[in-house]
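Trainee: The following block contains the structure, expressed as structure tokens.
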Amino acid sequence: FYLKRLKQRISSGARHPDAGLSVLHDCLLTAVQLLHPYTPFVAEHLYLTVFKGERKEESISFLPWPKANPAWRDPLLEVQMTHARAVLNAAANARGRANLKLRWPAEHVCVASESTATLTACERLSDLIAAMANVRHTKFGAPPSNFDVSLDKTKIGAKHKGESPQVLAALQKLRPAEIIDGLRGSQPWMLENKWAIEPAMVNVIEHADGYAVAEFDGGKLYLKTVIDAELYAEAMEREIGRRIQSMRKEMELLPGAPVEVWLAGDKELLSAA
């Protein structure tokens with residue numbers, strides 16, 4: 001995760017890319033030092049190969065044992081990063097449901113949550129969420145949507161036995177919004193003050209026009225799935241670049257070696273490229 005973010009930071013020309021490389025360098029050197037007591041020869045080889053040129057110590061054995069610096073920790077940011085990564089996992093799930101590849105840019109994601117901690121974290125890390133989810137903007141709040149519900153007859157039957165036909169009939173008389181409101185209240189929901197209805201007995205499916213929806217612990221994420229001409233052109237540029245790099249690797253070309261590229265495709269592809 002962090003290596004991918006660092007790569008984005010360097011390639012995008014973000015401010016202070018050298019600071020990120022310095023942190024990566026220190027982390028790798030510390031990891032090699034911690035590895036040394038268990039695999040001394042491997043650690044020594046890595047030190048001599050990667051780090052020796054910039055240090056005076058002739059062997060990794062001569063380096064002082066690394067010590068943690070408490071001043072470098074930001075406990076609040078660590079917690080907020082946990083919230084942000086949960087949102088990013090939901091974004092990946094939403095892309096999977098929409099069959100939208102990560103390398104294809106999207107317009108925005110909407111983060112909806114009743115948790116103040118989650119919203120505060122996402123507001124602070126909105127740029128990171130947008131970059132890692134490959135969207136242009138991070139927004140907050142849910143777009144207009146509607147709900148469908150389906151009843152799990154197996155679980156209702158296992159719970160209510162002979163009364164399950166009456167329970168099913170009572171549930172089918174209700175609108176989806178009424179069932180959802182009942183499940184949001186105290187658990188279990190007592191239908192007609194007689195039958196306990198648990199969330200596992202009802203499958204709730206949310207539909208938001210133009211969005212893919214995914215849940216995370218504490219909220220929902222809505223990914224805008226409508227790809228306009230500008231986004232499509234950017235996606236095609238990445239697809240073509242990725243294919244060219246793959247072909248260069250197959251041809252074993254050296255980095256920087258010039259090539260001539262011919263592109264064939266339909267009118268939409270050629271206009272985007």
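All residue names refer to the structure tokens as shown: chains lettered A, B, ... in order, residues numbered from 1 in each chain, ligands numbered from 1 in order.
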Kindly assemble as JSON lines a list of the stretch 134-181 of chain A residues that lie within 12 Å of stretch 217-237 of chain A, each paired with its nearest atom pair and their distance in Å to one decimal, using only C-alpha atoms, sorted first by chain and then by ascending residue number.
Mentor:
```
{"residue": "A:Asn134", "atom": "CA", "partner": "A:Leu223", "partner_atom": "CA", "distance": 10.6}
{"residue": "A:Val135", "atom": "CA", "partner": "A:Leu223", "partner_atom": "CA", "distance": 8.8}
{"residue": "A:Arg136", "atom": "CA", "partner": "A:Leu231", "partner_atom": "CA", "distance": 9.9}
{"residue": "A:His137", "atom": "CA", "partner": "A:Lys224", "partner_atom": "CA", "distance": 10.3}
{"residue": "A:Thr138", "atom": "CA", "partner": "A:Leu223", "partner_atom": "CA", "distance": 9.7}
{"residue": "A:Lys139", "atom": "CA", "partner": "A:Tyr222", "partner_atom": "CA", "distance": 9.4}
{"residue": "A:Phe140", "atom": "CA", "partner": "A:Leu221", "partner_atom": "CA", "distance": 9.2}
{"residue": "A:Gly141", "atom": "CA", "partner": "A:Leu221", "partner_atom": "CA", "distance": 9.1}
{"residue": "A:Ala142", "atom": "CA", "partner": "A:Tyr222", "partner_atom": "CA", "distance": 7.2}
{"residue": "A:Pro143", "atom": "CA", "partner": "A:Tyr222", "partner_atom": "CA", "distance": 7.8}
{"residue": "A:Pro144", "atom": "CA", "partner": "A:Tyr222", "partner_atom": "CA", "distance": 10.6}
{"residue": "A:Ser145", "atom": "CA", "partner": "A:Tyr222", "partner_atom": "CA", "distance": 10.3}
```
Trainee: Step one, run DSSP on the backbone; step two, keep only residues of stretch 12-100 of chain A assigned to helix (DSSP H, G or I); then write them as JSON, numbers by chain.
Mentor: {"A": [17, 18, 19, 20, 21, 22, 23, 24, 25, 26, 27, 28, 29, 30, 31, 32, 33, 34, 35, 40, 41, 42, 43, 44, 45, 46, 47, 48, 49, 50, 51, 52, 53, 54, 60, 61, 62, 70, 71, 72, 75, 76, 77, 78, 79, 80, 81, 82, 83, 84, 85, 86, 87, 88, 89, 90, 91, 92, 93, 94, 95, 96, 97, 98]}
Trainee: To one decimal in Å, tell me the separation between atom CA of A:Arg242 and atom CA of A:Arg103.
Mentor: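 Computing it gives 9.8 Å between the two atoms.
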Trainee: As a PyMOL selection string, which residues of stretch 22-147 of chain A does DSSP assign to strand (DSSP E or B)?
Mentor: chain A and resi 106-113+135-140+146-147
Trainee: Go ahead and dump the residues you just picked, N, CA, C and O atoms, as a PDB file, in the first residue's frame.
Mentor:
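As a result, again_10.pdb now contains:
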```pdb
ATOM      1  N   ALA A 106     -12.088   7.343 -12.560  1.00  0.00           N
ATOM      2  CA  ALA A 106     -13.512   7.622 -12.355  1.00  0.00           C
ATOM      3  C   ALA A 106     -13.659   9.056 -11.857  1.00  0.00           C
ATOM      4  O   ALA A 106     -12.687   9.675 -11.415  1.00  0.00           O
ATOM      5  N   GLU A 107     -14.887   9.560 -11.937  1.00  0.00           N
ATOM      6  CA  GLU A 107     -15.106  10.956 -11.599  1.00  0.00           C
ATOM      7  C   GLU A 107     -14.952  11.207 -10.097  1.00  0.00           C
ATOM      8  O   GLU A 107     -14.224  12.098  -9.674  1.00  0.00           O
ATOM      9  N   HIS A 108     -15.636  10.415  -9.263  1.00  0.00           N
ATOM     10  CA  HIS A 108     -15.543  10.647  -7.825  1.00  0.00           C
ATOM     11  C   HIS A 108     -16.093   9.453  -7.061  1.00  0.00           C
ATOM     12  O   HIS A 108     -16.740   8.566  -7.630  1.00  0.00           O
ATOM     13  N   VAL A 109     -15.791   9.457  -5.777  1.00  0.00           N
ATOM     14  CA  VAL A 109     -16.445   8.553  -4.835  1.00  0.00           C
ATOM     15  C   VAL A 109     -17.163   9.405  -3.794  1.00  0.00           C
ATOM     16  O   VAL A 109     -16.730  10.516  -3.475  1.00  0.00           O
ATOM     17  N   CYS A 110     -18.272   8.889  -3.282  1.00  0.00           N
ATOM     18  CA  CYS A 110     -18.996   9.516  -2.176  1.00  0.00           C
ATOM     19  C   CYS A 110     -18.862   8.624  -0.956  1.00  0.00           C
ATOM     20  O   CYS A 110     -19.128   7.426  -1.026  1.00  0.00           O
ATOM     21  N   VAL A 111     -18.460   9.206   0.154  1.00  0.00           N
ATOM     22  CA  VAL A 111     -18.328   8.476   1.415  1.00  0.00           C
ATOM     23  C   VAL A 111     -19.475   8.890   2.315  1.00  0.00           C
ATOM     24  O   VAL A 111     -19.643  10.076   2.623  1.00  0.00           O
ATOM     25  N   ALA A 112     -20.268   7.918   2.732  1.00  0.00           N
ATOM     26  CA  ALA A 112     -21.403   8.179   3.618  1.00  0.00           C
ATOM     27  C   ALA A 112     -21.202   7.401   4.909  1.00  0.00           C
ATOM     28  O   ALA A 112     -20.986   6.185   4.878  1.00  0.00           O
ATOM     29  N   SER A 113     -21.253   8.094   6.018  1.00  0.00           N
ATOM     30  CA  SER A 113     -21.050   7.435   7.309  1.00  0.00           C
ATOM     31  C   SER A 113     -21.675   8.279   8.406  1.00  0.00           C
ATOM     32  O   SER A 113     -21.729   9.513   8.306  1.00  0.00           O
ATOM     33  N   VAL A 135      -9.681   8.271  -8.581  1.00  0.00           N
ATOM     34  CA  VAL A 135     -10.822   9.129  -8.888  1.00  0.00           C
ATOM     35  C   VAL A 135     -10.359  10.577  -8.787  1.00  0.00           C
ATOM     36  O   VAL A 135      -9.323  10.878  -8.181  1.00  0.00           O
ATOM     37  N   ARG A 136     -11.136  11.476  -9.348  1.00  0.00           N
ATOM     38  CA  ARG A 136     -10.738  12.884  -9.349  1.00  0.00           C
ATOM     39  C   ARG A 136     -11.108  13.597  -8.060  1.00  0.00           C
ATOM     40  O   ARG A 136     -10.438  14.549  -7.670  1.00  0.00           O
ATOM     41  N   HIS A 137     -12.180  13.169  -7.414  1.00  0.00           N
ATOM     42  CA  HIS A 137     -12.643  13.874  -6.225  1.00  0.00           C
ATOM     43  C   HIS A 137     -13.159  12.873  -5.191  1.00  0.00           C
ATOM     44  O   HIS A 137     -13.640  11.788  -5.536  1.00  0.00           O
ATOM     45  N   THR A 138     -13.062  13.274  -3.934  1.00  0.00           N
ATOM     46  CA  THR A 138     -13.700  12.549  -2.836  1.00  0.00           C
ATOM     47  C   THR A 138     -14.809  13.429  -2.283  1.00  0.00           C
ATOM     48  O   THR A 138     -14.548  14.558  -1.843  1.00  0.00           O
ATOM     49  N   LYS A 139     -16.032  12.936  -2.324  1.00  0.00           N
ATOM     50  CA  LYS A 139     -17.170  13.683  -1.819  1.00  0.00           C
ATOM     51  C   LYS A 139     -17.758  12.979  -0.607  1.00  0.00           C
ATOM     52  O   LYS A 139     -17.427  11.822  -0.327  1.00  0.00           O
ATOM     53  N   PHE A 140     -18.649  13.685   0.070  1.00  0.00           N
ATOM     54  CA  PHE A 140     -19.238  13.142   1.290  1.00  0.00           C
ATOM     55  C   PHE A 140     -20.758  13.228   1.224  1.00  0.00           C
ATOM     56  O   PHE A 140     -21.318  14.199   0.730  1.00  0.00           O
ATOM     57  N   ASN A 146     -32.415   3.917  -4.107  1.00  0.00           N
ATOM     58  CA  ASN A 146     -33.603   3.168  -3.693  1.00  0.00           C
ATOM     59  C   ASN A 146     -33.171   1.772  -3.283  1.00  0.00           C
ATOM     60  O   ASN A 146     -32.048   1.342  -3.570  1.00  0.00           O
ATOM     61  N   PHE A 147     -34.077   1.076  -2.605  1.00  0.00           N
ATOM     62  CA  PHE A 147     -33.727  -0.207  -2.011  1.00  0.00           C
ATOM     63  C   PHE A 147     -34.694  -1.292  -2.464  1.00  0.00           C
ATOM     64  O   PHE A 147     -35.890  -1.050  -2.653  1.00  0.00           O
TER      65      PHE A 147
END
```
Trainee: With only C-alpha atoms as the counted atoms, please give the residues lying no more than 12 Å from A:Leu35, apart from itself and same-chain residues fewer than 3 positions off, as a list in words.
Mentor: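 Once the nearby chain positions are removed, what remains is Leu28, Leu29, Thr30, Ala31, Val32, Tyr38, Thr39, Pro40, Phe41, Val42, Ala43, Glu44, His45, Leu46, Tyr47, Ile60, Ser61, Trp65 and Pro66 of chain A.
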Trainee: A:Phe62, A:Ala94, A:Ala208, A:Met132: which is nearest A:Leu3, counting only C-alpha atoms?
Mentor: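 When distances to A:Leu3 are compared using only C-alpha atoms, the smallest one comes from A:Met132.
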